[in-house]
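Student: Please see the structure below; I have some questions.
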Amino acid sequence: MIPLDEALAHVLARCEPLVPGPVPALSAAGLVLAGDVVAAEAVPPFANTAMDGYAVRAADTAGAPVVLPVAGEVAAGHPADRPLAAGEAMRIFTGAPLPEGADAVVMVERTEPLDGGRSVRIEVAVEPGTHLRAAGEDLKPGERVFGAGDEVTPARLGVLASLGVAEVVAHPRPRVGVLSTGDELVTGPAPLQPGQIRDSNRPTLLALVAQAGFEPVDLGRVADDEPAIAGAIERGAATCDAVLSSGGVSMGDIDLVRVVLDRIGDMRWMQVAIRPAKPLAFGLVPGPAGRPVPVFGLPGNPVSSMVSFALFARAGLRRLAGHPDGRLHLPRYRAVAAEPLARRPDGKVHFVRVVATVTPAGGPGEQGDAGGPGGELRVRSSGGQGSHQLGAMARADGLAVLPDGDGVGAGEPVEVILLAEPPTAASPS
Ligand code: AMP
Ligand code: MG
């Protein structure tokens, strides 16, 4: 057996970021940038008002209350057609450009229209700059806004749009082929024949690929048959940036995936010191123009294939997508075991499926359900921990990480990898 870190290092060293290229900025959501984005414009592009009210020269409000004639109106998208003269006010609405000559805005709540709107009483004296958003206050021309390794999040997409950026250079979204192997597997609702089971890994892995932001490609199910397995993997390598297969990699299995991959690829067969998901095959098979395509041979047991995806495949695929080293792995949080999570020493790290809850924050005295601080994660087993028991995986919000040893007792700290957003525990009554 090799330690988890060694297996991860082996995988990550062989997953090269996909070659970046130009992408229309508005199609870049979720992609990882491969170069700098520099602002060519100021944001906001002009000084404008943050409030509805009256544009004034601050000096004219010094003796407030004062009455000023209203010289016109400026709204968003409709600049003033003349400058504001000394001793005047202009009605102004949020987002409207500040008229030339004005240097402050008095919010409407501190004014009173007089004379049918022809003049206004200003009730407060304001300083220059009051309620103004200066040109370039958010972004300045020439400023480096984003850099290589930054993912285009919704907020960043908004920044690109507000700067008028038409195109960015980004890594492509990895296309990931998913294939199931096994004579026992069937798809569809037909009654099962003796010895058959339904293929659950393929839909699960395709959904995990999509959830992680990659493009899933269904390579189908193949029987335990050498030419069939070879055909599916070669088809995957020809059309995808990476291939995930499940099944056929356990020790003493009818190891056909193994036979095939050893023939067509440069593979390493690992026994990783973790439970579940001990067996992992990983290697490179030649794709178009000899480009190496990573292939992950994930274990067949449904929980194992999911854990293997979460630990290895997801990180490797994120590397293909261009994510930097600090952003490859699911983060580990510090939690508290709400009940004992027992295990026996066996030289492996155990990943225990757990239900997690967050104790309520911001309540009276910020007290959680056990009197702990608000926002604390508490975990308990989600049920049967067999690697075939997908039910407990389906109930789980995360994986508790139990280092080799006897586990943790109730109330003790434990690391947890979150797979879903945990619910907030009901407030104590
Ligand atoms: P294997 O790694 O092929 O020996 O499979 C290990 C276990 O996982 C066996 O019980 C298989 O029947 C089961 N298994 C393999 N592939 C799948 C799949 N796609 N869906 C559900 N169970 C599977
Ligand atoms: Mg099999």
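The chains in the structure tokens are called A, B, ... from first to last as shown; in each chain the residues are counted from 1, and the ligands are counted from 1 in the order shown.
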Would you mind listing the residues within 10 Å of ligand 2, counting only C-alpha atoms and all ligand atoms, as a PDB file with C-alpha atoms, in the first residue's frame?
Tutor:
```
ATOM      1  CA  SER A 180     -18.746   1.144 -16.768  1.00  0.00           C
ATOM      2  CA  THR A 181     -17.343  -2.356 -17.012  1.00  0.00           C
ATOM      3  CA  GLY A 182     -18.849  -5.620 -15.874  1.00  0.00           C
ATOM      4  CA  ASP A 183     -20.803  -8.604 -17.241  1.00  0.00           C
ATOM      5  CA  GLU A 184     -23.271  -8.258 -14.368  1.00  0.00           C
ATOM      6  CA  LEU A 185     -24.335  -4.702 -15.203  1.00  0.00           C
ATOM      7  CA  ALA A 223     -18.883  -6.311 -20.843  1.00  0.00           C
ATOM      8  CA  ASP A 224     -15.846  -7.983 -19.294  1.00  0.00           C
ATOM      9  CA  SER A 246     -15.229   1.906 -13.088  1.00  0.00           C
ATOM     10  CA  GLY A 247     -14.846  -1.740 -12.191  1.00  0.00           C
ATOM     11  CA  GLY A 248     -12.307  -4.370 -13.078  1.00  0.00           C
ATOM     12  CA  VAL A 249      -9.403  -3.017 -11.048  1.00  0.00           C
ATOM     13  CA  SER A 250      -9.651  -4.980  -7.812  1.00  0.00           C
ATOM     14  CA  ASP A 253     -10.648  -9.693 -10.236  1.00  0.00           C
ATOM     15  CA  ILE A 254     -11.149 -10.818 -13.787  1.00  0.00           C
ATOM     16  CA  ASP A 255      -8.749  -7.946 -14.349  1.00  0.00           C
ATOM     17  CA  LEU A 256      -9.561  -7.144 -17.934  1.00  0.00           C
ATOM     18  CA  VAL A 257      -9.449  -3.380 -17.534  1.00  0.00           C
ATOM     19  CA  PRO A 299     -13.012   0.782  -8.236  1.00  0.00           C
ATOM     20  CA  GLY A 300     -16.352  -0.837  -9.048  1.00  0.00           C
ATOM     21  CA  ASN A 301     -17.997  -0.651  -5.654  1.00  0.00           C
TER      22      ASN A 301
END
```
Student: Can you list, as a PyMOL selection string, all residues belonging to region 165-293 of chain A that DSSP tags as alpha helix (DSSP H)?
Tutor: chain A and resi 201-211+226-239+256-264
Student: So how far away is CA of Arg378 (chain A) from CA of Arg334 (chain A), in Å?
Tutor: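 A separation of 9.2 Å between them.
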Student: Would you give me, as an MDAnalysis selection string, the residues in region 39-268 of chain A that DSSP reads as strand (DSSP E)?
Tutor: chainID A and resid 48:49 53:56 66:74 89:92 104:107 111:114 119:122 132:133 144:146 167:170 175:181 185:186 197:198 215:222 242:246 266:268
Student: Just to be explicit: take each residue in the selection above, keep C-alpha atoms, and write the result as a PDB file, in the first residue's frame.
Tutor:
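So result-v9.pdb came out as:
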```pdb
ATOM      1  CA  ASN A  48     -22.456  59.433 -10.763  1.00  0.00           C
ATOM      2  CA  THR A  49     -24.857  59.589  -7.890  1.00  0.00           C
ATOM      3  CA  GLY A  53     -31.837  63.654  -4.619  1.00  0.00           C
ATOM      4  CA  TYR A  54     -30.400  66.929  -5.823  1.00  0.00           C
ATOM      5  CA  ALA A  55     -27.022  67.641  -7.386  1.00  0.00           C
ATOM      6  CA  VAL A  56     -25.505  70.782  -5.891  1.00  0.00           C
ATOM      7  CA  VAL A  66     -31.251  77.025   1.912  1.00  0.00           C
ATOM      8  CA  VAL A  67     -33.624  77.319  -1.040  1.00  0.00           C
ATOM      9  CA  LEU A  68     -32.162  76.765  -4.528  1.00  0.00           C
ATOM     10  CA  PRO A  69     -33.821  76.996  -7.946  1.00  0.00           C
ATOM     11  CA  VAL A  70     -34.105  73.612  -9.716  1.00  0.00           C
ATOM     12  CA  ALA A  71     -32.341  73.913 -13.085  1.00  0.00           C
ATOM     13  CA  GLY A  72     -33.400  70.557 -14.555  1.00  0.00           C
ATOM     14  CA  GLU A  73     -33.332  66.806 -14.096  1.00  0.00           C
ATOM     15  CA  VAL A  74     -30.732  64.087 -14.761  1.00  0.00           C
ATOM     16  CA  ALA A  89     -29.716  72.488  -7.863  1.00  0.00           C
ATOM     17  CA  MET A  90     -30.645  69.728 -10.328  1.00  0.00           C
ATOM     18  CA  ARG A  91     -32.969  66.818  -9.560  1.00  0.00           C
ATOM     19  CA  ILE A  92     -30.892  63.647  -9.933  1.00  0.00           C
ATOM     20  CA  ALA A 104     -22.199  66.674  -4.191  1.00  0.00           C
ATOM     21  CA  VAL A 105     -25.657  65.168  -3.910  1.00  0.00           C
ATOM     22  CA  VAL A 106     -28.209  65.863  -1.192  1.00  0.00           C
ATOM     23  CA  MET A 107     -30.413  62.822  -0.641  1.00  0.00           C
ATOM     24  CA  THR A 111     -35.036  68.066   0.799  1.00  0.00           C
ATOM     25  CA  GLU A 112     -38.466  69.478   0.162  1.00  0.00           C
ATOM     26  CA  PRO A 113     -39.717  70.544  -3.264  1.00  0.00           C
ATOM     27  CA  LEU A 114     -41.242  74.026  -3.332  1.00  0.00           C
ATOM     28  CA  SER A 119     -37.151  75.206  -6.395  1.00  0.00           C
ATOM     29  CA  VAL A 120     -36.057  73.008  -3.511  1.00  0.00           C
ATOM     30  CA  ARG A 121     -35.343  73.524   0.158  1.00  0.00           C
ATOM     31  CA  ILE A 122     -32.088  71.833   1.138  1.00  0.00           C
ATOM     32  CA  LEU A 132     -20.968  60.373  -5.224  1.00  0.00           C
ATOM     33  CA  ARG A 133     -19.372  57.377  -6.867  1.00  0.00           C
ATOM     34  CA  ARG A 144      -4.617  44.116 -13.525  1.00  0.00           C
ATOM     35  CA  VAL A 145      -8.028  42.766 -12.652  1.00  0.00           C
ATOM     36  CA  PHE A 146      -7.584  38.981 -12.874  1.00  0.00           C
ATOM     37  CA  GLU A 167     -12.551  37.739 -25.233  1.00  0.00           C
ATOM     38  CA  VAL A 168     -10.391  36.077 -22.607  1.00  0.00           C
ATOM     39  CA  VAL A 169      -7.687  33.425 -22.813  1.00  0.00           C
ATOM     40  CA  ALA A 170      -8.779  30.414 -20.787  1.00  0.00           C
ATOM     41  CA  ARG A 175     -14.519  16.721 -21.644  1.00  0.00           C
ATOM     42  CA  VAL A 176     -14.621  13.653 -19.443  1.00  0.00           C
ATOM     43  CA  GLY A 177     -15.688  10.249 -20.734  1.00  0.00           C
ATOM     44  CA  VAL A 178     -17.328   7.829 -18.298  1.00  0.00           C
ATOM     45  CA  LEU A 179     -17.511   4.093 -18.831  1.00  0.00           C
ATOM     46  CA  SER A 180     -18.746   1.144 -16.768  1.00  0.00           C
ATOM     47  CA  THR A 181     -17.343  -2.356 -17.012  1.00  0.00           C
ATOM     48  CA  LEU A 185     -24.335  -4.702 -15.203  1.00  0.00           C
ATOM     49  CA  VAL A 186     -27.577  -3.767 -16.884  1.00  0.00           C
ATOM     50  CA  ILE A 197     -27.255  -5.672 -10.964  1.00  0.00           C
ATOM     51  CA  ARG A 198     -28.054  -2.240 -12.297  1.00  0.00           C
ATOM     52  CA  GLU A 215     -18.417  18.226 -19.647  1.00  0.00           C
ATOM     53  CA  PRO A 216     -19.603  14.636 -19.158  1.00  0.00           C
ATOM     54  CA  VAL A 217     -19.463  12.226 -22.096  1.00  0.00           C
ATOM     55  CA  ASP A 218     -21.250   8.881 -21.731  1.00  0.00           C
ATOM     56  CA  LEU A 219     -19.034   6.108 -23.111  1.00  0.00           C
ATOM     57  CA  GLY A 220     -21.562   3.436 -22.165  1.00  0.00           C
ATOM     58  CA  ARG A 221     -21.267   0.104 -20.460  1.00  0.00           C
ATOM     59  CA  VAL A 222     -18.979  -2.631 -21.686  1.00  0.00           C
ATOM     60  CA  ALA A 242      -9.820  12.313 -19.741  1.00  0.00           C
ATOM     61  CA  VAL A 243     -11.548   8.964 -19.198  1.00  0.00           C
ATOM     62  CA  LEU A 244     -13.053   7.493 -16.029  1.00  0.00           C
ATOM     63  CA  SER A 245     -13.811   3.802 -16.011  1.00  0.00           C
ATOM     64  CA  SER A 246     -15.229   1.906 -13.088  1.00  0.00           C
ATOM     65  CA  ASP A 266       1.335   3.762 -19.416  1.00  0.00           C
ATOM     66  CA  MET A 267      -0.428   2.732 -16.237  1.00  0.00           C
ATOM     67  CA  ARG A 268       0.273   2.439 -12.566  1.00  0.00           C
TER      68      ARG A 268
END
```
Student: Between A:Leu139, A:Leu33, A:Met270, A:Leu390, single out the one closest to ligand 1, counting only C-alpha atoms and all ligand atoms.
Tutor: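 Of A:Leu139, A:Leu33, A:Met270, A:Leu390, the one nearest ligand 1 is A:Leu390, counting only C-alpha atoms and all ligand atoms.
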Student: Excluding Ile417 (chain A) and residues on its chain fewer than 3 positions from it, collect all residues at most 6 Å away from it, counting only C-alpha atoms, and give them as a PDB file with N, CA and C atoms, in the first residue's frame.
Tutor:
```pdb
ATOM      1  N   ARG A 332     -10.866  20.573   3.714  1.00  0.00           N
ATOM      2  CA  ARG A 332     -11.207  19.815   4.928  1.00  0.00           C
ATOM      3  C   ARG A 332     -11.537  20.808   6.039  1.00  0.00           C
ATOM      4  N   GLY A 398     -20.962  14.547   4.010  1.00  0.00           N
ATOM      5  CA  GLY A 398     -19.508  14.645   3.944  1.00  0.00           C
ATOM      6  C   GLY A 398     -18.837  13.348   4.323  1.00  0.00           C
ATOM      7  N   LEU A 399     -17.514  13.402   4.278  1.00  0.00           N
ATOM      8  CA  LEU A 399     -16.662  12.274   4.658  1.00  0.00           C
ATOM      9  C   LEU A 399     -15.824  12.709   5.850  1.00  0.00           C
TER      10      LEU A 399
END
```
Student: Do a neighbour search on Pro302 (chain A) at 12 Å with only C-alpha atoms, toss out local chain neighbours closer than 2 positions, and write the hits as a ChimeraX atom specification.
Tutor: /A:180,197-205,246-247,276-277,298-300,304-309,385-394
Student: Which one of A:Gly405, A:Pro422, A:Gly297, A:Pro324 sits closest to Thr359 (chain A) if you count only C-alpha atoms?
Tutor: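 The shortest atom-to-atom distance to Thr359 (chain A) comes from A:Pro422.
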